[in-house]
Amino acid sequence: MMQFLSAHNIVRARLGLPPLKWSKKLASFASWWAGQRRRDCSLVHSGSDYGENLFWGSGKDWKPSDAVATWAEERSYYDHKSNRCVKNRECLHYTQMVWKESLKVGCAQTVCENANTIISCNYYPHGNVIGQKPF
């Protein structure tokens, strides 16, 4: 829990954003969803009304901070002025992490049947609202 939370809040602190709080409800949902992906380990979103970041890693030696760092690396692909991702690049994992109105997070990690790893983090309220900037 703390590994997920502190990694997120370090990223948010760099922007002067309020820290996220851990939500057992969101962590339970993330655990349930990661469990649903256990058989195929595919990055399929749940379709819930929560914000959601998914991470896949080959093998089972992944830490929560690895997933958060991967999402945070997308920062270089986010153009705050235009509020868009750089063409042909992904940045929505990053913008969800630093969405100012998102106040809670809950995450889970599962080793899949194929011995790879999936990590799911859910956020409330969800971010990436069209027409709004994350911060």
# chains A, B, ... in the order shown; residues from 1 in each chain; ligands from 1
call {"tool": "residues_around", "arguments": {"residues": "region 18-25 of chain A", "least_positions_apart": "6", "cutoff": "6 Å", "atoms": "only C-alpha atoms", "output": "list in words"}}
result
Asn9, Leu103, Lys104, Val105 and Gly106 of chain A
call {"tool": "write_last_selection", "arguments": {"atoms": "N, CA and C atoms", "output": "mmCIF file, in the first residue's frame"}}
result
data_model
loop_
_atom_site.group_PDB
_atom_site.id
_atom_site.type_symbol
_atom_site.label_atom_id
_atom_site.label_comp_id
_atom_site.auth_asym_id
_atom_site.auth_seq_id
_atom_site.Cartn_x
_atom_site.Cartn_y
_atom_site.Cartn_z
ATOM 1 N N ASN A 9 2.523 10.059 -4.665
ATOM 2 C CA ASN A 9 2.556 11.373 -4.024
ATOM 3 C C ASN A 9 3.870 12.120 -4.255
ATOM 4 N N LEU A 103 -8.590 12.448 -5.547
ATOM 5 C CA LEU A 103 -8.177 12.544 -4.147
ATOM 6 C C LEU A 103 -7.801 11.206 -3.521
ATOM 7 N N LYS A 104 -8.269 10.114 -4.135
ATOM 8 C CA LYS A 104 -8.049 8.783 -3.556
ATOM 9 C C LYS A 104 -7.495 7.842 -4.610
ATOM 10 N N VAL A 105 -6.712 6.875 -4.134
ATOM 11 C CA VAL A 105 -6.159 5.845 -5.012
ATOM 12 C C VAL A 105 -6.169 4.510 -4.268
ATOM 13 N N GLY A 106 -6.296 3.453 -5.037
ATOM 14 C CA GLY A 106 -6.169 2.100 -4.509
ATOM 15 C C GLY A 106 -5.588 1.232 -5.614
#
call {"tool": "select_by_dssp", "arguments": {"residues": "region 93-128 of chain A", "states": "helix (DSSP H, G or I)", "output": "PyMOL selection string"}}
result
chain A and resi 93-97
call {"tool": "write_last_selection", "arguments": {"atoms": "N, CA and C atoms", "output": "mmCIF file, in the first residue's frame"}}
result
data_model
loop_
_atom_site.group_PDB
_atom_site.id
_atom_site.type_symbol
_atom_site.label_atom_id
_atom_site.label_comp_id
_atom_site.auth_asym_id
_atom_site.auth_seq_id
_atom_site.Cartn_x
_atom_site.Cartn_y
_atom_site.Cartn_z
ATOM 1 N N HIS A 93 -1.871 8.114 -18.673
ATOM 2 C CA HIS A 93 -1.567 7.506 -17.367
ATOM 3 C C HIS A 93 -0.989 8.581 -16.444
ATOM 4 N N TYR A 94 -0.079 9.377 -17.017
ATOM 5 C CA TYR A 94 0.519 10.466 -16.240
ATOM 6 C C TYR A 94 -0.529 11.478 -15.802
ATOM 7 N N THR A 95 -1.364 11.930 -16.745
ATOM 8 C CA THR A 95 -2.336 12.959 -16.383
ATOM 9 C C THR A 95 -3.331 12.451 -15.343
ATOM 10 N N GLN A 96 -3.661 11.149 -15.365
ATOM 11 C CA GLN A 96 -4.538 10.606 -14.320
ATOM 12 C C GLN A 96 -3.843 10.670 -12.964
ATOM 13 N N MET A 97 -2.567 10.331 -12.925
ATOM 14 C CA MET A 97 -1.825 10.362 -11.654
ATOM 15 C C MET A 97 -1.797 11.757 -11.037
#
call {"tool": "residues_around", "arguments": {"residues": "Lys100 (chain A)", "least_positions_apart": "2", "cutoff": "8 Å", "atoms": "only C-alpha atoms", "output": "ChimeraX atom specification"}}
result
/A:17-18,98,102-103,134-135
call {"tool": "residues_around", "arguments": {"residues": "Ser46 (chain A)", "least_positions_apart": "3", "cutoff": "12 Å", "atoms": "only C-alpha atoms", "output": "count of residues only"}}
result
20
call {"tool": "residues_around", "arguments": {"residues": "region 111-117 of chain A", "least_positions_apart": "4", "cutoff": "9 Å", "atoms": "only C-alpha atoms", "output": "list in words"}}
result
Ala34, Gly35, Arg37, Arg38, Arg39, Asp40, Cys41, Phe55, Trp56, Gly57, Ser58, Gly59, Lys60, Asp61 and Trp62 of chain A
call {"tool": "write_last_selection", "arguments": {"atoms": "N, CA and C atoms", "output": "CSV table (one decimal), in the first residue's frame"}}
result
chain,number,residue,atom,x,y,z
A,34,ALA,N,-7.6,-6.9,-11.3
A,34,ALA,CA,-6.4,-7.6,-11.6
A,34,ALA,C,-6.6,-9.1,-11.6
A,35,GLY,N,-7.4,-9.6,-10.6
A,35,GLY,CA,-7.7,-11.0,-10.6
A,35,GLY,C,-8.5,-11.5,-11.8
A,37,ARG,N,-8.0,-10.4,-14.7
A,37,ARG,CA,-7.0,-10.4,-15.8
A,37,ARG,C,-5.9,-11.5,-15.6
A,38,ARG,N,-6.0,-12.2,-14.5
A,38,ARG,CA,-5.0,-13.2,-14.1
A,38,ARG,C,-4.7,-14.3,-15.1
A,39,ARG,N,-5.7,-14.7,-15.8
A,39,ARG,CA,-5.6,-15.8,-16.8
A,39,ARG,C,-4.8,-15.3,-18.0
A,40,ASP,N,-5.2,-14.1,-18.6
A,40,ASP,CA,-4.5,-13.7,-19.8
A,40,ASP,C,-3.5,-12.5,-19.6
A,41,CYS,N,-3.6,-11.9,-18.5
A,41,CYS,CA,-2.6,-10.8,-18.2
A,41,CYS,C,-2.7,-9.7,-19.2
A,55,PHE,N,-0.6,-1.6,-15.7
A,55,PHE,CA,0.8,-1.9,-16.1
A,55,PHE,C,1.0,-3.3,-16.3
A,56,TRP,N,1.7,-3.7,-17.3
A,56,TRP,CA,2.1,-5.1,-17.5
A,56,TRP,C,3.6,-5.2,-17.5
A,57,GLY,N,4.1,-6.2,-16.9
A,57,GLY,CA,5.6,-6.5,-16.9
A,57,GLY,C,5.9,-7.9,-17.1
A,58,SER,N,6.9,-8.2,-17.8
A,58,SER,CA,7.4,-9.6,-18.1
A,58,SER,C,8.0,-10.1,-16.8
A,59,GLY,N,7.6,-11.2,-16.4
A,59,GLY,CA,8.1,-11.8,-15.1
A,59,GLY,C,7.4,-11.3,-13.9
A,60,LYS,N,7.9,-11.7,-12.7
A,60,LYS,CA,7.2,-11.4,-11.5
A,60,LYS,C,7.9,-10.5,-10.5
A,61,ASP,N,9.0,-10.0,-11.0
A,61,ASP,CA,9.9,-9.2,-10.0
A,61,ASP,C,9.7,-7.7,-10.2
A,62,TRP,N,8.4,-7.3,-10.3
A,62,TRP,CA,8.1,-5.9,-10.4
A,62,TRP,C,7.6,-5.3,-9.1
call {"tool": "atom_distance", "arguments": {"atom1": "CA of Lys63 (chain A)", "atom2": "CA of Met2 (chain A)"}}
result
11.7 Å
call {"tool": "residues_around", "arguments": {"residues": "Gln132 (chain A)", "least_positions_apart": "3", "cutoff": "10 Å", "atoms": "only C-alpha atoms", "output": "PyMOL selection string"}}
result
chain A and resi 83+99+127-129+135
call {"tool": "write_last_selection", "arguments": {"atoms": "all heavy atoms", "output": "mmCIF file, in the first residue's frame"}}
result
data_model
loop_
_atom_site.group_PDB
_atom_site.id
_atom_site.type_symbol
_atom_site.label_atom_id
_atom_site.label_comp_id
_atom_site.auth_asym_id
_atom_site.auth_seq_id
_atom_site.Cartn_x
_atom_site.Cartn_y
_atom_site.Cartn_z
ATOM 1 N N ASN A 83 -2.797 21.065 -23.646
ATOM 2 C CA ASN A 83 -3.531 20.030 -22.902
ATOM 3 C C ASN A 83 -3.723 18.772 -23.756
ATOM 4 O O ASN A 83 -4.784 18.161 -23.768
ATOM 5 C CB ASN A 83 -4.877 20.554 -22.397
ATOM 6 C CG ASN A 83 -5.484 19.636 -21.355
ATOM 7 O OD1 ASN A 83 -4.781 18.989 -20.593
ATOM 8 N ND2 ASN A 83 -6.807 19.549 -21.349
ATOM 9 N N TRP A 99 -3.980 14.259 -11.727
ATOM 10 C CA TRP A 99 -5.264 14.952 -11.836
ATOM 11 C C TRP A 99 -5.581 15.586 -10.492
ATOM 12 O O TRP A 99 -5.740 14.903 -9.480
ATOM 13 C CB TRP A 99 -6.358 13.988 -12.263
ATOM 14 C CG TRP A 99 -7.552 14.717 -12.786
ATOM 15 C CD1 TRP A 99 -8.673 15.050 -12.081
ATOM 16 C CD2 TRP A 99 -7.737 15.214 -14.108
ATOM 17 N NE1 TRP A 99 -9.543 15.740 -12.891
ATOM 18 C CE2 TRP A 99 -8.990 15.853 -14.144
ATOM 19 C CE3 TRP A 99 -6.961 15.202 -15.260
ATOM 20 C CZ2 TRP A 99 -9.488 16.460 -15.290
ATOM 21 C CZ3 TRP A 99 -7.453 15.792 -16.402
ATOM 22 C CH2 TRP A 99 -8.714 16.422 -16.412
ATOM 23 N N GLY A 127 -9.968 11.140 -13.450
ATOM 24 C CA GLY A 127 -9.407 12.279 -14.159
ATOM 25 C C GLY A 127 -9.628 12.142 -15.654
ATOM 26 O O GLY A 127 -10.519 11.412 -16.107
ATOM 27 N N ASN A 128 -8.803 12.860 -16.398
ATOM 28 C CA ASN A 128 -8.849 12.842 -17.860
ATOM 29 C C ASN A 128 -10.224 13.212 -18.401
ATOM 30 O O ASN A 128 -10.755 12.554 -19.287
ATOM 31 C CB ASN A 128 -8.347 11.501 -18.412
ATOM 32 C CG ASN A 128 -6.882 11.296 -18.137
ATOM 33 O OD1 ASN A 128 -6.111 12.250 -18.084
ATOM 34 N ND2 ASN A 128 -6.476 10.055 -17.947
ATOM 35 N N VAL A 129 -10.783 14.267 -17.821
ATOM 36 C CA VAL A 129 -12.059 14.788 -18.285
ATOM 37 C C VAL A 129 -11.789 15.680 -19.495
ATOM 38 O O VAL A 129 -10.977 16.608 -19.422
ATOM 39 C CB VAL A 129 -12.771 15.595 -17.166
ATOM 40 C CG1 VAL A 129 -14.070 16.195 -17.679
ATOM 41 C CG2 VAL A 129 -13.001 14.712 -15.947
ATOM 42 N N PHE A 135 -3.979 19.895 -13.971
ATOM 43 C CA PHE A 135 -3.513 20.748 -12.866
ATOM 44 C C PHE A 135 -3.353 22.163 -13.338
ATOM 45 O O PHE A 135 -3.407 22.443 -14.521
ATOM 46 C CB PHE A 135 -2.198 20.237 -12.273
ATOM 47 C CG PHE A 135 -1.115 19.999 -13.293
ATOM 48 C CD1 PHE A 135 -0.259 21.020 -13.674
ATOM 49 C CD2 PHE A 135 -0.972 18.742 -13.903
ATOM 50 C CE1 PHE A 135 0.735 20.806 -14.620
ATOM 51 C CE2 PHE A 135 0.028 18.528 -14.843
ATOM 52 C CZ PHE A 135 0.882 19.557 -15.209
#
call {"tool": "select_by_dssp", "arguments": {"residues": "region 82-127 of chain A", "states": "strand (DSSP E or B)", "output": "MDAnalysis selection string"}}
result
chainID A and resid 84:85 104:111 117:124
call {"tool": "write_last_selection", "arguments": {"atoms": "N, CA, C and O atoms", "output": "short mmCIF file (atom, residue, chain, number, x, y, z; two decimals), in the first residue's frame"}}
result
data_model
loop_
_atom_site.label_atom_id
_atom_site.label_comp_id
_atom_site.auth_asym_id
_atom_site.auth_seq_id
_atom_site.Cartn_x
_atom_site.Cartn_y
_atom_site.Cartn_z
N ARG A 84 -2.66 18.38 -24.45
CA ARG A 84 -2.70 17.19 -25.31
C ARG A 84 -1.42 16.38 -25.14
O ARG A 84 -0.39 16.91 -24.75
N CYS A 85 -1.54 15.12 -25.52
CA CYS A 85 -0.36 14.28 -25.62
C CYS A 85 0.35 14.63 -26.93
O CYS A 85 -0.30 14.97 -27.92
N LYS A 104 -8.27 10.11 -4.14
CA LYS A 104 -8.05 8.78 -3.56
C LYS A 104 -7.49 7.84 -4.61
O LYS A 104 -7.80 7.97 -5.80
N VAL A 105 -6.71 6.88 -4.13
CA VAL A 105 -6.16 5.84 -5.01
C VAL A 105 -6.17 4.51 -4.27
O VAL A 105 -6.09 4.46 -3.04
N GLY A 106 -6.30 3.45 -5.04
CA GLY A 106 -6.17 2.10 -4.51
C GLY A 106 -5.59 1.23 -5.61
O GLY A 106 -5.99 1.35 -6.77
N CYS A 107 -4.63 0.40 -5.27
CA CYS A 107 -3.91 -0.38 -6.28
C CYS A 107 -3.77 -1.83 -5.84
O CYS A 107 -3.89 -2.15 -4.66
N ALA A 108 -3.47 -2.67 -6.82
CA ALA A 108 -3.22 -4.09 -6.56
C ALA A 108 -2.26 -4.63 -7.61
O ALA A 108 -2.19 -4.12 -8.73
N GLN A 109 -1.56 -5.68 -7.22
CA GLN A 109 -0.60 -6.33 -8.10
C GLN A 109 -0.89 -7.83 -8.11
O GLN A 109 -1.13 -8.42 -7.06
N THR A 110 -0.86 -8.42 -9.30
CA THR A 110 -1.14 -9.84 -9.45
C THR A 110 -0.11 -10.47 -10.38
O THR A 110 0.24 -9.90 -11.41
N VAL A 111 0.37 -11.65 -9.99
CA VAL A 111 1.19 -12.45 -10.91
C VAL A 111 0.22 -13.35 -11.66
O VAL A 111 -0.56 -14.09 -11.07
N THR A 117 3.33 -10.06 -14.74
CA THR A 117 2.73 -9.23 -13.70
C THR A 117 1.78 -8.20 -14.29
O THR A 117 2.08 -7.60 -15.32
N ILE A 118 0.65 -8.02 -13.61
CA ILE A 118 -0.24 -6.91 -13.95
C ILE A 118 -0.48 -6.10 -12.67
O ILE A 118 -0.64 -6.65 -11.58
N ILE A 119 -0.45 -4.79 -12.83
CA ILE A 119 -0.70 -3.86 -11.72
C ILE A 119 -1.84 -2.96 -12.15
O ILE A 119 -1.85 -2.45 -13.26
N SER A 120 -2.79 -2.77 -11.25
CA SER A 120 -3.94 -1.92 -11.51
C SER A 120 -4.04 -0.88 -10.40
O SER A 120 -3.97 -1.22 -9.22
N CYS A 121 -4.20 0.38 -10.80
CA CYS A 121 -4.48 1.44 -9.84
C CYS A 121 -5.76 2.14 -10.27
O CYS A 121 -5.95 2.43 -11.45
N ASN A 122 -6.63 2.39 -9.30
CA ASN A 122 -7.89 3.10 -9.56
C ASN A 122 -7.91 4.39 -8.75
O ASN A 122 -7.38 4.45 -7.64
N TYR A 123 -8.55 5.41 -9.34
CA TYR A 123 -8.55 6.77 -8.80
C TYR A 123 -9.97 7.29 -8.69
O TYR A 123 -10.80 7.02 -9.55
N TYR A 124 -10.21 8.09 -7.61
CA TYR A 124 -11.52 8.70 -7.43
C TYR A 124 -11.33 10.12 -6.91
O TYR A 124 -10.55 10.33 -5.99
#
call {"tool": "closest_residue", "arguments": {"among": "A:Ser28, A:Ser65, A:Cys91, A:Glu74", "to": "Ile10 (chain A)", "atoms": "only C-alpha atoms"}}
result
A:Ser65
call {"tool": "atom_distance", "arguments": {"atom1": "CA of Pro125 (chain A)", "atom2": "CA of Leu5 (chain A)"}}
result
16.0 Å
call {"tool": "atom_distance", "arguments": {"atom1": "CA of Tyr78 (chain A)", "atom2": "CA of His45 (chain A)"}}
result
21.4 Å
call {"tool": "residues_around", "arguments": {"residues": "Pro64 (chain A)", "least_positions_apart": "2", "cutoff": "7 Å", "atoms": "only C-alpha atoms", "output": "ChimeraX atom specification"}}
result
/A:3-4,62,66-68
call {"tool": "decode", "arguments": {"residues": "region 54-66 of chain A", "atoms": "all heavy atoms", "output": "PDB file, in the first residue's frame"}}
result
ATOM      1  N   LEU A  54      -3.222   0.830 -15.835  1.00  0.00           N
ATOM      2  CA  LEU A  54      -2.805  -0.565 -15.855  1.00  0.00           C
ATOM      3  C   LEU A  54      -1.354  -0.659 -16.304  1.00  0.00           C
ATOM      4  O   LEU A  54      -0.908   0.111 -17.157  1.00  0.00           O
ATOM      5  CB  LEU A  54      -3.683  -1.379 -16.802  1.00  0.00           C
ATOM      6  CG  LEU A  54      -5.175  -1.417 -16.486  1.00  0.00           C
ATOM      7  CD1 LEU A  54      -5.931  -2.132 -17.596  1.00  0.00           C
ATOM      8  CD2 LEU A  54      -5.430  -2.087 -15.140  1.00  0.00           C
ATOM      9  N   PHE A  55      -0.643  -1.620 -15.735  1.00  0.00           N
ATOM     10  CA  PHE A  55       0.762  -1.856 -16.052  1.00  0.00           C
ATOM     11  C   PHE A  55       0.951  -3.348 -16.252  1.00  0.00           C
ATOM     12  O   PHE A  55       0.414  -4.150 -15.488  1.00  0.00           O
ATOM     13  CB  PHE A  55       1.642  -1.367 -14.893  1.00  0.00           C
ATOM     14  CG  PHE A  55       3.082  -1.790 -14.980  1.00  0.00           C
ATOM     15  CD1 PHE A  55       4.007  -0.995 -15.638  1.00  0.00           C
ATOM     16  CD2 PHE A  55       3.512  -2.961 -14.384  1.00  0.00           C
ATOM     17  CE1 PHE A  55       5.340  -1.378 -15.706  1.00  0.00           C
ATOM     18  CE2 PHE A  55       4.841  -3.356 -14.448  1.00  0.00           C
ATOM     19  CZ  PHE A  55       5.760  -2.561 -15.109  1.00  0.00           C
ATOM     20  N   TRP A  56       1.733  -3.715 -17.275  1.00  0.00           N
ATOM     21  CA  TRP A  56       2.087  -5.105 -17.511  1.00  0.00           C
ATOM     22  C   TRP A  56       3.597  -5.208 -17.512  1.00  0.00           C
ATOM     23  O   TRP A  56       4.286  -4.360 -18.098  1.00  0.00           O
ATOM     24  CB  TRP A  56       1.548  -5.579 -18.862  1.00  0.00           C
ATOM     25  CG  TRP A  56       1.979  -6.964 -19.225  1.00  0.00           C
ATOM     26  CD1 TRP A  56       1.304  -8.121 -18.934  1.00  0.00           C
ATOM     27  CD2 TRP A  56       3.151  -7.369 -19.919  1.00  0.00           C
ATOM     28  NE1 TRP A  56       1.994  -9.207 -19.411  1.00  0.00           N
ATOM     29  CE2 TRP A  56       3.144  -8.760 -20.027  1.00  0.00           C
ATOM     30  CE3 TRP A  56       4.231  -6.673 -20.464  1.00  0.00           C
ATOM     31  CZ2 TRP A  56       4.159  -9.484 -20.646  1.00  0.00           C
ATOM     32  CZ3 TRP A  56       5.248  -7.389 -21.076  1.00  0.00           C
ATOM     33  CH2 TRP A  56       5.192  -8.777 -21.170  1.00  0.00           C
ATOM     34  N   GLY A  57       4.123  -6.229 -16.868  1.00  0.00           N
ATOM     35  CA  GLY A  57       5.562  -6.465 -16.868  1.00  0.00           C
ATOM     36  C   GLY A  57       5.873  -7.928 -17.066  1.00  0.00           C
ATOM     37  O   GLY A  57       5.183  -8.809 -16.540  1.00  0.00           O
ATOM     38  N   SER A  58       6.902  -8.193 -17.838  1.00  0.00           N
ATOM     39  CA  SER A  58       7.353  -9.560 -18.074  1.00  0.00           C
ATOM     40  C   SER A  58       8.018 -10.105 -16.810  1.00  0.00           C
ATOM     41  O   SER A  58       8.892  -9.459 -16.236  1.00  0.00           O
ATOM     42  CB  SER A  58       8.348  -9.570 -19.244  1.00  0.00           C
ATOM     43  OG  SER A  58       8.849 -10.872 -19.455  1.00  0.00           O
ATOM     44  N   GLY A  59       7.561 -11.245 -16.354  1.00  0.00           N
ATOM     45  CA  GLY A  59       8.109 -11.822 -15.133  1.00  0.00           C
ATOM     46  C   GLY A  59       7.367 -11.344 -13.899  1.00  0.00           C
ATOM     47  O   GLY A  59       6.369 -10.631 -13.993  1.00  0.00           O
ATOM     48  N   LYS A  60       7.879 -11.740 -12.742  1.00  0.00           N
ATOM     49  CA  LYS A  60       7.158 -11.441 -11.497  1.00  0.00           C
ATOM     50  C   LYS A  60       7.926 -10.542 -10.535  1.00  0.00           C
ATOM     51  O   LYS A  60       7.488 -10.314  -9.423  1.00  0.00           O
ATOM     52  CB  LYS A  60       6.782 -12.745 -10.804  1.00  0.00           C
ATOM     53  CG  LYS A  60       7.959 -13.621 -10.471  1.00  0.00           C
ATOM     54  CD  LYS A  60       7.522 -14.934  -9.855  1.00  0.00           C
ATOM     55  CE  LYS A  60       8.752 -15.730  -9.521  1.00  0.00           C
ATOM     56  NZ  LYS A  60       8.588 -17.122  -9.417  1.00  0.00           N
ATOM     57  N   ASP A  61       9.046  -9.997 -10.959  1.00  0.00           N
ATOM     58  CA  ASP A  61       9.887  -9.208 -10.050  1.00  0.00           C
ATOM     59  C   ASP A  61       9.661  -7.710 -10.178  1.00  0.00           C
ATOM     60  O   ASP A  61      10.611  -6.926 -10.188  1.00  0.00           O
ATOM     61  CB  ASP A  61      11.370  -9.541 -10.285  1.00  0.00           C
ATOM     62  CG  ASP A  61      11.688 -10.986  -9.971  1.00  0.00           C
ATOM     63  OD1 ASP A  61      11.078 -11.529  -9.024  1.00  0.00           O
ATOM     64  OD2 ASP A  61      12.520 -11.581 -10.676  1.00  0.00           O
ATOM     65  N   TRP A  62       8.416  -7.314 -10.261  1.00  0.00           N
ATOM     66  CA  TRP A  62       8.082  -5.897 -10.401  1.00  0.00           C
ATOM     67  C   TRP A  62       7.640  -5.324  -9.068  1.00  0.00           C
ATOM     68  O   TRP A  62       6.983  -6.000  -8.286  1.00  0.00           O
ATOM     69  CB  TRP A  62       6.979  -5.721 -11.445  1.00  0.00           C
ATOM     70  CG  TRP A  62       7.448  -6.121 -12.796  1.00  0.00           C
ATOM     71  CD1 TRP A  62       7.309  -7.349 -13.382  1.00  0.00           C
ATOM     72  CD2 TRP A  62       8.177  -5.328 -13.714  1.00  0.00           C
ATOM     73  NE1 TRP A  62       7.898  -7.347 -14.619  1.00  0.00           N
ATOM     74  CE2 TRP A  62       8.437  -6.117 -14.853  1.00  0.00           C
ATOM     75  CE3 TRP A  62       8.627  -4.015 -13.700  1.00  0.00           C
ATOM     76  CZ2 TRP A  62       9.136  -5.638 -15.951  1.00  0.00           C
ATOM     77  CZ3 TRP A  62       9.318  -3.533 -14.801  1.00  0.00           C
ATOM     78  CH2 TRP A  62       9.568  -4.345 -15.908  1.00  0.00           C
ATOM     79  N   LYS A  63       7.992  -4.059  -8.837  1.00  0.00           N
ATOM     80  CA  LYS A  63       7.594  -3.363  -7.621  1.00  0.00           C
ATOM     81  C   LYS A  63       6.540  -2.317  -7.975  1.00  0.00           C
ATOM     82  O   LYS A  63       6.485  -1.851  -9.111  1.00  0.00           O
ATOM     83  CB  LYS A  63       8.811  -2.679  -6.990  1.00  0.00           C
ATOM     84  CG  LYS A  63       9.907  -3.636  -6.571  1.00  0.00           C
ATOM     85  CD  LYS A  63      11.025  -2.938  -5.827  1.00  0.00           C
ATOM     86  CE  LYS A  63      11.829  -1.949  -6.624  1.00  0.00           C
ATOM     87  NZ  LYS A  63      12.669  -2.460  -7.688  1.00  0.00           N
ATOM     88  N   PRO A  64       5.720  -1.908  -7.003  1.00  0.00           N
ATOM     89  CA  PRO A  64       4.747  -0.846  -7.254  1.00  0.00           C
ATOM     90  C   PRO A  64       5.390   0.399  -7.855  1.00  0.00           C
ATOM     91  O   PRO A  64       4.843   1.021  -8.766  1.00  0.00           O
ATOM     92  CB  PRO A  64       4.164  -0.566  -5.872  1.00  0.00           C
ATOM     93  CG  PRO A  64       4.270  -1.873  -5.163  1.00  0.00           C
ATOM     94  CD  PRO A  64       5.576  -2.465  -5.643  1.00  0.00           C
ATOM     95  N   SER A  65       6.567   0.743  -7.370  1.00  0.00           N
ATOM     96  CA  SER A  65       7.238   1.948  -7.870  1.00  0.00           C
ATOM     97  C   SER A  65       7.616   1.825  -9.349  1.00  0.00           C
ATOM     98  O   SER A  65       7.726   2.844 -10.039  1.00  0.00           O
ATOM     99  CB  SER A  65       8.477   2.257  -7.028  1.00  0.00           C
ATOM    100  OG  SER A  65       9.377   1.158  -7.055  1.00  0.00           O
ATOM    101  N   ASP A  66       7.805   0.606  -9.855  1.00  0.00           N
ATOM    102  CA  ASP A  66       8.105   0.417 -11.277  1.00  0.00           C
ATOM    103  C   ASP A  66       6.923   0.861 -12.135  1.00  0.00           C
ATOM    104  O   ASP A  66       7.105   1.531 -13.161  1.00  0.00           O
ATOM    105  CB  ASP A  66       8.431  -1.048 -11.586  1.00  0.00           C
ATOM    106  CG  ASP A  66       9.695  -1.529 -10.901  1.00  0.00           C
ATOM    107  OD1 ASP A  66      10.660  -0.746 -10.776  1.00  0.00           O
ATOM    108  OD2 ASP A  66       9.721  -2.710 -10.486  1.00  0.00           O
TER     109      ASP A  66
END
